[in-house]
>>> print(open('coords-v3.pdb').read())   # PDB, C-alpha atoms, pLDDT in the B column
ATOM      1  CA  MET A   1      -4.615 -32.505  -1.069  1.00 90.00           C
ATOM      2  CA  TYR A   2      -5.500 -30.658   2.099  1.00 91.00           C
ATOM      3  CA  THR A   3      -8.574 -30.924   4.263  1.00 91.00           C
ATOM      4  CA  VAL A   4     -10.125 -27.733   5.629  1.00 93.00           C
ATOM      5  CA  GLY A   5      -8.489 -28.363   9.003  1.00 92.00           C
ATOM      6  CA  ARG A   6      -5.014 -29.043   7.566  1.00 94.00           C
ATOM      7  CA  LEU A   7      -5.079 -26.031   5.268  1.00 95.00           C
ATOM      8  CA  ALA A   8      -6.362 -23.778   8.042  1.00 95.00           C
ATOM      9  CA  LYS A   9      -3.651 -24.991  10.405  1.00 95.00           C
ATOM     10  CA  ARG A  10      -0.926 -24.562   7.768  1.00 95.00           C
ATOM     11  CA  TYR A  11      -1.804 -20.866   7.368  1.00 95.00           C
ATOM     12  CA  GLY A  12      -2.796 -20.119  10.940  1.00 95.00           C
ATOM     13  CA  LEU A  13      -6.466 -19.595  10.113  1.00 95.00           C
ATOM     14  CA  SER A  14      -9.618 -20.847  11.685  1.00 94.00           C
ATOM     15  CA  ARG A  15     -11.565 -23.558   9.939  1.00 93.00           C
ATOM     16  CA  SER A  16     -14.541 -21.201   9.816  1.00 94.00           C
ATOM     17  CA  ALA A  17     -12.484 -18.622   7.859  1.00 95.00           C
ATOM     18  CA  LEU A  18     -11.919 -21.143   5.067  1.00 95.00           C
ATOM     19  CA  LEU A  19     -15.561 -22.151   5.107  1.00 94.00           C
ATOM     20  CA  TYR A  20     -16.485 -18.470   4.836  1.00 95.00           C
ATOM     21  CA  TYR A  21     -14.064 -17.988   1.910  1.00 96.00           C
ATOM     22  CA  ASP A  22     -15.772 -20.941   0.209  1.00 94.00           C
ATOM     23  CA  ARG A  23     -19.246 -19.559   0.923  1.00 94.00           C
ATOM     24  CA  ILE A  24     -18.436 -16.179  -0.671  1.00 94.00           C
ATOM     25  CA  GLY A  25     -16.633 -17.798  -3.626  1.00 93.00           C
ATOM     26  CA  LEU A  26     -13.185 -16.505  -2.752  1.00 94.00           C
ATOM     27  CA  LEU A  27     -11.549 -19.915  -2.273  1.00 95.00           C
ATOM     28  CA  ARG A  28     -13.408 -22.944  -3.490  1.00 93.00           C
ATOM     29  CA  PRO A  29     -11.984 -26.424  -2.841  1.00 93.00           C
ATOM     30  CA  SER A  30     -10.799 -28.333  -5.897  1.00 91.00           C
ATOM     31  CA  ALA A  31     -12.629 -31.481  -4.889  1.00 89.00           C
ATOM     32  CA  HIS A  32     -15.048 -33.015  -2.435  1.00 86.00           C
ATOM     33  CA  ALA A  33     -14.255 -36.342  -0.826  1.00 80.00           C
ATOM     34  CA  PRO A  34     -16.984 -38.774   0.177  1.00 82.00           C
ATOM     35  CA  GLY A  35     -19.158 -37.281   2.880  1.00 77.00           C
ATOM     36  CA  GLU A  36     -18.833 -33.804   1.330  1.00 74.00           C
ATOM     37  CA  TYR A  37     -15.392 -33.212   2.840  1.00 87.00           C
ATOM     38  CA  ARG A  38     -13.654 -30.351   1.092  1.00 90.00           C
ATOM     39  CA  GLU A  39     -10.239 -31.050  -0.410  1.00 92.00           C
ATOM     40  CA  TYR A  40      -7.836 -28.286  -1.394  1.00 95.00           C
ATOM     41  CA  SER A  41      -5.024 -28.683  -3.916  1.00 95.00           C
ATOM     42  CA  ASP A  42      -1.598 -27.052  -3.976  1.00 95.00           C
ATOM     43  CA  ALA A  43      -3.050 -24.510  -6.419  1.00 95.00           C
ATOM     44  CA  ASP A  44      -5.795 -23.734  -3.888  1.00 96.00           C
ATOM     45  CA  ALA A  45      -3.118 -23.264  -1.211  1.00 96.00           C
ATOM     46  CA  ALA A  46      -1.250 -20.882  -3.531  1.00 95.00           C
ATOM     47  CA  ARG A  47      -4.465 -18.918  -4.069  1.00 95.00           C
ATOM     48  CA  LEU A  48      -4.940 -18.755  -0.298  1.00 97.00           C
ATOM     49  CA  GLU A  49      -1.413 -17.353   0.026  1.00 96.00           C
ATOM     50  CA  GLN A  50      -2.372 -14.589  -2.438  1.00 94.00           C
ATOM     51  CA  ILE A  51      -5.540 -13.882  -0.468  1.00 96.00           C
ATOM     52  CA  LEU A  52      -3.592 -13.615   2.773  1.00 96.00           C
ATOM     53  CA  THR A  53      -0.969 -11.373   1.173  1.00 95.00           C
ATOM     54  CA  TYR A  54      -3.627  -8.965  -0.108  1.00 94.00           C
ATOM     55  CA  ARG A  55      -5.388  -9.071   3.280  1.00 94.00           C
ATOM     56  CA  SER A  56      -2.087  -8.166   4.951  1.00 93.00           C
ATOM     57  CA  ALA A  57      -1.965  -5.154   2.631  1.00 92.00           C
ATOM     58  CA  GLY A  58      -5.374  -4.146   3.979  1.00 92.00           C
ATOM     59  CA  MET A  59      -7.446  -4.964   0.912  1.00 92.00           C
ATOM     60  CA  PRO A  60     -11.076  -5.914   1.602  1.00 92.00           C
ATOM     61  CA  LEU A  61     -12.197  -9.416   0.632  1.00 93.00           C
ATOM     62  CA  ALA A  62     -14.570  -8.135  -2.067  1.00 91.00           C
ATOM     63  CA  GLU A  63     -11.709  -6.354  -3.814  1.00 91.00           C
ATOM     64  CA  ILE A  64      -9.447  -9.379  -3.442  1.00 94.00           C
ATOM     65  CA  ALA A  65     -12.110 -11.475  -5.150  1.00 92.00           C
ATOM     66  CA  GLU A  66     -12.168  -8.963  -8.038  1.00 90.00           C
ATOM     67  CA  VAL A  67      -8.409  -8.908  -8.568  1.00 91.00           C
ATOM     68  CA  LEU A  68      -7.456 -12.547  -8.106  1.00 91.00           C
ATOM     69  CA  ASP A  69      -8.692 -13.604 -11.512  1.00 84.00           C
ATOM     70  CA  ALA A  70      -8.310 -10.229 -13.206  1.00 83.00           C
ATOM     71  CA  PRO A  71      -5.583  -9.137 -15.599  1.00 79.00           C
ATOM     72  CA  HIS A  72      -2.346  -7.906 -14.015  1.00 76.00           C
ATOM     73  CA  ASN A  73      -3.167  -4.242 -14.665  1.00 79.00           C
ATOM     74  CA  ARG A  74      -6.295  -4.566 -12.467  1.00 85.00           C
ATOM     75  CA  VAL A  75      -4.144  -5.919  -9.640  1.00 88.00           C
ATOM     76  CA  ALA A  76      -1.766  -2.991 -10.052  1.00 87.00           C
ATOM     77  CA  GLN A  77      -4.712  -0.552 -10.026  1.00 89.00           C
ATOM     78  CA  ALA A  78      -6.080  -2.068  -6.831  1.00 90.00           C
ATOM     79  CA  LEU A  79      -2.682  -1.899  -5.147  1.00 90.00           C
ATOM     80  CA  GLU A  80      -2.161   1.710  -6.304  1.00 90.00           C
ATOM     81  CA  SER A  81      -5.565   2.556  -4.874  1.00 90.00           C
ATOM     82  CA  ARG A  82      -4.652   0.897  -1.577  1.00 91.00           C
ATOM     83  CA  LEU A  83      -1.389   2.824  -1.522  1.00 90.00           C
ATOM     84  CA  GLU A  84      -3.305   6.085  -1.962  1.00 90.00           C
ATOM     85  CA  GLU A  85      -5.639   5.115   0.898  1.00 91.00           C
ATOM     86  CA  LEU A  86      -2.666   4.341   3.132  1.00 90.00           C
ATOM     87  CA  SER A  87      -1.027   7.664   2.255  1.00 87.00           C
ATOM     88  CA  ALA A  88      -4.237   9.501   3.149  1.00 87.00           C
ATOM     89  CA  GLU A  89      -4.464   7.590   6.432  1.00 89.00           C
ATOM     90  CA  ILE A  90      -0.830   8.419   7.220  1.00 86.00           C
ATOM     91  CA  ARG A  91      -1.447  12.114   6.478  1.00 84.00           C
ATOM     92  CA  ALA A  92      -4.496  12.069   8.758  1.00 84.00           C
ATOM     93  CA  LEU A  93      -2.518  10.340  11.514  1.00 84.00           C
ATOM     94  CA  ARG A  94       0.304  12.853  11.182  1.00 82.00           C
ATOM     95  CA  ASP A  95      -2.221  15.686  11.498  1.00 80.00           C
ATOM     96  CA  GLN A  96      -3.618  14.041  14.626  1.00 82.00           C
ATOM     97  CA  GLN A  97      -0.082  13.572  15.951  1.00 77.00           C
ATOM     98  CA  ARG A  98       0.673  17.264  15.470  1.00 75.00           C
ATOM     99  CA  LEU A  99      -2.585  18.232  17.174  1.00 77.00           C
ATOM    100  CA  VAL A 100      -1.853  16.012  20.179  1.00 77.00           C
ATOM    101  CA  LEU A 101       1.664  17.462  20.397  1.00 72.00           C
ATOM    102  CA  ARG A 102       0.258  21.009  20.286  1.00 72.00           C
ATOM    103  CA  LEU A 103      -2.271  20.097  22.975  1.00 77.00           C
ATOM    104  CA  LEU A 104       0.569  18.750  25.083  1.00 74.00           C
ATOM    105  CA  GLY A 105       2.438  21.994  24.542  1.00 71.00           C
ATOM    106  CA  SER A 106       5.176  20.529  22.365  1.00 58.00           C
ATOM    107  CA  GLY A 107       5.430  21.091  18.639  1.00 55.00           C
ATOM    108  CA  LYS A 108       8.319  18.640  18.301  1.00 58.00           C
ATOM    109  CA  LEU A 109       7.706  15.409  16.429  1.00 55.00           C
ATOM    110  CA  PRO A 110       9.141  12.242  17.942  1.00 52.00           C
ATOM    111  CA  GLU A 111      12.500  11.124  16.565  1.00 53.00           C
ATOM    112  CA  ASP A 112      10.984   8.034  14.990  1.00 51.00           C
ATOM    113  CA  GLY A 113       8.470  10.102  13.000  1.00 53.00           C
ATOM    114  CA  VAL A 114       8.542   9.719   9.235  1.00 63.00           C
ATOM    115  CA  LEU A 115       9.465  12.739   7.146  1.00 72.00           C
ATOM    116  CA  ASP A 116       6.530  14.327   5.343  1.00 78.00           C
ATOM    117  CA  LYS A 117       6.475  17.015   2.664  1.00 83.00           C
ATOM    118  CA  GLU A 118       6.384  19.917   5.103  1.00 83.00           C
ATOM    119  CA  ALA A 119       9.269  18.532   7.176  1.00 80.00           C
ATOM    120  CA  TRP A 120      11.309  17.852   4.021  1.00 81.00           C
ATOM    121  CA  VAL A 121      10.805  21.392   2.687  1.00 84.00           C
ATOM    122  CA  ARG A 122      11.644  22.818   6.121  1.00 83.00           C
ATOM    123  CA  LEU A 123      14.823  20.702   6.267  1.00 79.00           C
ATOM    124  CA  LEU A 124      15.944  21.926   2.839  1.00 81.00           C
ATOM    125  CA  ALA A 125      15.182  25.553   3.738  1.00 83.00           C
ATOM    126  CA  ASP A 126      17.018  25.195   7.049  1.00 81.00           C
ATOM    127  CA  SER A 127      19.977  23.795   5.086  1.00 80.00           C
ATOM    128  CA  GLY A 128      20.106  26.958   2.982  1.00 85.00           C
ATOM    129  CA  PHE A 129      18.161  25.808  -0.084  1.00 82.00           C
ATOM    130  CA  SER A 130      16.254  28.587  -1.827  1.00 87.00           C
ATOM    131  CA  GLU A 131      13.032  27.950  -3.751  1.00 88.00           C
ATOM    132  CA  GLU A 132      15.124  27.953  -6.931  1.00 87.00           C
ATOM    133  CA  ASP A 133      17.519  25.396  -5.428  1.00 82.00           C
ATOM    134  CA  MET A 134      14.602  23.151  -4.487  1.00 84.00           C
ATOM    135  CA  ASP A 135      13.166  23.471  -8.006  1.00 86.00           C
ATOM    136  CA  ALA A 136      16.555  22.582  -9.499  1.00 84.00           C
ATOM    137  CA  TRP A 137      16.786  19.587  -7.156  1.00 86.00           C
ATOM    138  CA  HIS A 138      13.429  18.270  -8.451  1.00 87.00           C
ATOM    139  CA  ARG A 139      14.412  18.864 -12.091  1.00 86.00           C
ATOM    140  CA  THR A 140      17.697  17.011 -11.625  1.00 85.00           C
ATOM    141  CA  PHE A 141      16.054  14.138  -9.758  1.00 84.00           C
ATOM    142  CA  GLU A 142      13.309  13.759 -12.387  1.00 86.00           C
ATOM    143  CA  ARG A 143      15.818  13.895 -15.253  1.00 86.00           C
ATOM    144  CA  SER A 144      18.295  11.441 -13.712  1.00 84.00           C
ATOM    145  CA  SER A 145      15.871   8.923 -12.208  1.00 83.00           C
ATOM    146  CA  PRO A 146      12.132   9.413 -12.777  1.00 85.00           C
ATOM    147  CA  GLU A 147      11.165   6.164 -11.034  1.00 85.00           C
ATOM    148  CA  GLN A 148      13.154   6.982  -7.907  1.00 84.00           C
ATOM    149  CA  HIS A 149      11.799  10.537  -7.925  1.00 86.00           C
ATOM    150  CA  GLU A 150       8.262   9.092  -7.931  1.00 86.00           C
ATOM    151  CA  ARG A 151       9.147   6.681  -5.106  1.00 83.00           C
ATOM    152  CA  PHE A 152      10.687   9.469  -3.058  1.00 84.00           C
ATOM    153  CA  LEU A 153       7.624  11.691  -3.475  1.00 86.00           C
ATOM    154  CA  ARG A 154       5.471   8.775  -2.306  1.00 83.00           C
ATOM    155  CA  THR A 155       7.533   8.418   0.863  1.00 79.00           C
ATOM    156  CA  LEU A 156       6.572  12.010   1.668  1.00 81.00           C
ATOM    157  CA  CYS A 157       2.895  10.958   1.426  1.00 80.00           C
ATOM    158  CA  ILE A 158       2.234  13.397  -1.392  1.00 84.00           C
ATOM    159  CA  SER A 159      -1.043  12.726  -3.197  1.00 84.00           C
ATOM    160  CA  ALA A 160      -1.017  11.210  -6.684  1.00 85.00           C
ATOM    161  CA  GLU A 161      -2.314  14.449  -8.180  1.00 88.00           C
ATOM    162  CA  GLU A 162       0.388  16.561  -6.570  1.00 87.00           C
ATOM    163  CA  ARG A 163       3.092  14.033  -7.484  1.00 89.00           C
ATOM    164  CA  ALA A 164       1.939  14.197 -11.094  1.00 88.00           C
ATOM    165  CA  ARG A 165       2.067  18.014 -11.038  1.00 89.00           C
ATOM    166  CA  ILE A 166       5.556  18.062  -9.487  1.00 89.00           C
ATOM    167  CA  ARG A 167       6.902  15.521 -11.941  1.00 90.00           C
ATOM    168  CA  ALA A 168       5.282  17.124 -14.993  1.00 89.00           C
ATOM    169  CA  TRP A 169       6.641  20.533 -13.992  1.00 87.00           C
ATOM    170  CA  SER A 170      10.070  19.066 -13.277  1.00 86.00           C
ATOM    171  CA  ALA A 171      10.190  17.330 -16.659  1.00 86.00           C
ATOM    172  CA  ARG A 172       9.035  20.446 -18.557  1.00 86.00           C
ATOM    173  CA  ALA A 173      11.342  22.799 -16.661  1.00 68.00           C
ATOM    174  CA  GLY A 174      14.343  20.548 -17.245  1.00 55.00           C
TER     175      GLY A 174
END
>>> encode(input="coords-v3.pdb", output="structure tokens")
Amino acid sequence: MYTVGRLAKRYGLSRSALLYYDRIGLLRPSAHAPGEYREYSDADAARLEQILTYRSAGMPLAEIAEVLDAPHNRVAQALESRLEELSAEIRALRDQQRLVLRLLGSGKLPEDGVLDKEAWVRLLADSGFSEEDMDAWHRTFERSSPEQHERFLRTLCISAEERARIRAWSARAG
């Protein structure tokens, strides 16, 4: 069993964070020792690890509370939603990056920039791919490895709706 102080120290949290998690019902101690001291079990520590993992992914505490005891598909939905939010934030940051570069008089993205849809299409076109070649590339990718095609489209920060359209078209056209 862990006291509030021991559990907080183990995970690099403040004591008040654990007390707050208890107050909002996110992490309740398994027992209370004499004098109303909270005691946390190994299962409580495992739950705290889940909480911290979801927090690291940027999920708000209210959503974490919803998914911790929910069926697995609810967890997957919440993570998919967070992934969509992150993709939108990345797109917005890329737009800001381009604007700042234009304001500085340079349209060149830094070398450590991540490839987005526009840059990928430009790269293919610059490599001699026609629209038909690009379409064939998608059809082949979707046919040979649908899961990897989906993952690749995500890396380009393409919205879920557009990914679905690309993949549906690719599957039908193939």
>>> closest_residue(input="coords-v3.pdb", among="A:Glu80, A:Asp135, A:Asp126, A:Asp116", to="Thr155 of chain A", atoms="only C-alpha atoms")
A:Asp116
>>> resolve_selection(input="coords-v3.pdb", expression="the PyMOL selection byres ((chain A and resi 91) around 12)", output="count of residues only")
25
>>> resolve_selection(input="coords-v3.pdb", expression="the PyMOL selection byres ((chain A and resi 137) around 12)", output="list in words")
Val121, Leu124, Phe129, Ser130, Glu131, Glu132, Asp133, Met134, Asp135, Ala136, His138, Arg139, Thr140, Phe141, Glu142, Arg143, Ser144, Ser145, His149, Ile166, Arg167, Ser170, Ala171, Ala173 and Gly174 of chain A
>>> atom_distance(input="coords-v3.pdb", atom1="atom CA of Ser41 of chain A", atom2="atom CA of Thr3 of chain A")
9.2 Å
>>> resolve_selection(input="coords-v3.pdb", expression="the PyMOL selection byres ((chain A and resi 26) around 9)", output="list in words")
Tyr20, Tyr21, Asp22, Arg23, Ile24, Gly25, Leu27, Arg28, Leu48, Ile51, Leu61, Ala62, Ile64, Ala65 and Leu68 of chain A
>>> atom_distance(input="coords-v3.pdb", atom1="atom CA of Met59 of chain A", atom2="atom CA of Tyr11 of chain A")
18.1 Å
>>> atom_distance(input="coords-v3.pdb", atom1="atom CA of Leu103 of chain A", atom2="atom CA of Leu123 of chain A")
23.9 Å
>>> axis_aligned_box(input="coords-v3.pdb", around="segment 113-124 of chain A", padding_each_side="3 Å", output="JSON")
{"center_x": 11.2, "center_y": 16.3, "center_z": 7.8, "size_x": 15.6, "size_y": 19.1, "size_z": 16.3}
>>> closest_residue(input="coords-v3.pdb", among="A:Arg74, A:Tyr2, A:Leu13, A:Arg55", to="Asp42 of chain A", atoms="all atoms listed in the file")
A:Tyr2
>>> decode(input="coords-v3.pdb", residues="segment 27-94 of chain A", atoms="C-alpha atoms", output="PDB file, in the first residue's frame")
ATOM      1  CA  LEU A  27      -8.400   8.136  -8.443  1.00  0.00           C
ATOM      2  CA  ARG A  28      -9.892   7.076  -5.163  1.00  0.00           C
ATOM      3  CA  PRO A  29      -7.707   5.332  -2.566  1.00  0.00           C
ATOM      4  CA  SER A  30      -8.517   1.690  -1.887  1.00  0.00           C
ATOM      5  CA  ALA A  31      -8.468   2.168   1.861  1.00  0.00           C
ATOM      6  CA  HIS A  32      -8.206   4.675   4.667  1.00  0.00           C
ATOM      7  CA  ALA A  33      -5.855   4.040   7.557  1.00  0.00           C
ATOM      8  CA  PRO A  34      -6.598   5.311  11.050  1.00  0.00           C
ATOM      9  CA  GLY A  35      -6.639   9.087  11.102  1.00  0.00           C
ATOM     10  CA  GLU A  36      -8.189   9.197   7.612  1.00  0.00           C
ATOM     11  CA  TYR A  37      -4.860   8.591   5.874  1.00  0.00           C
ATOM     12  CA  ARG A  38      -5.412   7.513   2.297  1.00  0.00           C
ATOM     13  CA  GLU A  39      -3.853   4.227   1.212  1.00  0.00           C
ATOM     14  CA  TYR A  40      -3.398   3.287  -2.434  1.00  0.00           C
ATOM     15  CA  SER A  41      -3.017  -0.273  -3.702  1.00  0.00           C
ATOM     16  CA  ASP A  42      -0.975  -1.581  -6.621  1.00  0.00           C
ATOM     17  CA  ALA A  43      -4.187  -1.494  -8.673  1.00  0.00           C
ATOM     18  CA  ASP A  44      -4.596   2.188  -7.770  1.00  0.00           C
ATOM     19  CA  ALA A  45      -0.998   2.803  -8.878  1.00  0.00           C
ATOM     20  CA  ALA A  46      -1.740   1.046 -12.180  1.00  0.00           C
ATOM     21  CA  ARG A  47      -4.797   3.263 -12.648  1.00  0.00           C
ATOM     22  CA  LEU A  48      -2.632   6.313 -11.956  1.00  0.00           C
ATOM     23  CA  GLU A  49      -0.213   5.132 -14.651  1.00  0.00           C
ATOM     24  CA  GLN A  50      -3.136   5.016 -17.113  1.00  0.00           C
ATOM     25  CA  ILE A  51      -4.207   8.505 -16.062  1.00  0.00           C
ATOM     26  CA  LEU A  52      -0.704   9.853 -16.585  1.00  0.00           C
ATOM     27  CA  THR A  53      -0.397   8.134 -19.964  1.00  0.00           C
ATOM     28  CA  TYR A  54      -3.654   9.682 -21.188  1.00  0.00           C
ATOM     29  CA  ARG A  55      -2.601  13.070 -19.775  1.00  0.00           C
ATOM     30  CA  SER A  56       0.670  12.786 -21.704  1.00  0.00           C
ATOM     31  CA  ALA A  57      -1.443  12.266 -24.823  1.00  0.00           C
ATOM     32  CA  GLY A  58      -3.167  15.564 -24.042  1.00  0.00           C
ATOM     33  CA  MET A  59      -6.524  14.186 -22.948  1.00  0.00           C
ATOM     34  CA  PRO A  60      -8.432  16.339 -20.442  1.00  0.00           C
ATOM     35  CA  LEU A  61      -9.135  14.852 -17.013  1.00  0.00           C
ATOM     36  CA  ALA A  62     -12.905  14.760 -17.596  1.00  0.00           C
ATOM     37  CA  GLU A  63     -12.430  12.614 -20.690  1.00  0.00           C
ATOM     38  CA  ILE A  64      -9.934  10.384 -18.902  1.00  0.00           C
ATOM     39  CA  ALA A  65     -12.525   9.801 -16.191  1.00  0.00           C
ATOM     40  CA  GLU A  66     -15.042   8.771 -18.885  1.00  0.00           C
ATOM     41  CA  VAL A  67     -12.746   6.297 -20.623  1.00  0.00           C
ATOM     42  CA  LEU A  68     -10.987   4.618 -17.716  1.00  0.00           C
ATOM     43  CA  ASP A  69     -13.930   2.430 -16.822  1.00  0.00           C
ATOM     44  CA  ALA A  70     -15.515   2.363 -20.271  1.00  0.00           C
ATOM     45  CA  PRO A  71     -15.423  -0.452 -22.804  1.00  0.00           C
ATOM     46  CA  HIS A  72     -12.325  -0.632 -25.012  1.00  0.00           C
ATOM     47  CA  ASN A  73     -14.122   0.847 -28.028  1.00  0.00           C
ATOM     48  CA  ARG A  74     -14.793   4.059 -26.039  1.00  0.00           C
ATOM     49  CA  VAL A  75     -11.079   4.338 -25.277  1.00  0.00           C
ATOM     50  CA  ALA A  76     -10.292   3.891 -28.963  1.00  0.00           C
ATOM     51  CA  GLN A  77     -12.881   6.556 -29.873  1.00  0.00           C
ATOM     52  CA  ALA A  78     -11.379   9.013 -27.405  1.00  0.00           C
ATOM     53  CA  LEU A  79      -7.875   8.384 -28.719  1.00  0.00           C
ATOM     54  CA  GLU A  80      -9.050   8.721 -32.344  1.00  0.00           C
ATOM     55  CA  SER A  81     -10.681  12.009 -31.407  1.00  0.00           C
ATOM     56  CA  ARG A  82      -7.463  13.198 -29.767  1.00  0.00           C
ATOM     57  CA  LEU A  83      -5.523  12.185 -32.859  1.00  0.00           C
ATOM     58  CA  GLU A  84      -7.869  14.267 -35.017  1.00  0.00           C
ATOM     59  CA  GLU A  85      -7.394  17.247 -32.680  1.00  0.00           C
ATOM     60  CA  LEU A  86      -3.620  16.872 -32.883  1.00  0.00           C
ATOM     61  CA  SER A  87      -3.754  16.666 -36.682  1.00  0.00           C
ATOM     62  CA  ALA A  88      -5.818  19.860 -36.799  1.00  0.00           C
ATOM     63  CA  GLU A  89      -3.365  21.579 -34.451  1.00  0.00           C
ATOM     64  CA  ILE A  90      -0.435  20.439 -36.604  1.00  0.00           C
ATOM     65  CA  ARG A  91      -2.156  21.750 -39.751  1.00  0.00           C
ATOM     66  CA  ALA A  92      -2.774  25.089 -38.029  1.00  0.00           C
ATOM     67  CA  LEU A  93       0.849  25.262 -36.872  1.00  0.00           C
ATOM     68  CA  ARG A  94       2.092  24.455 -40.363  1.00  0.00           C
TER      69      ARG A  94
END
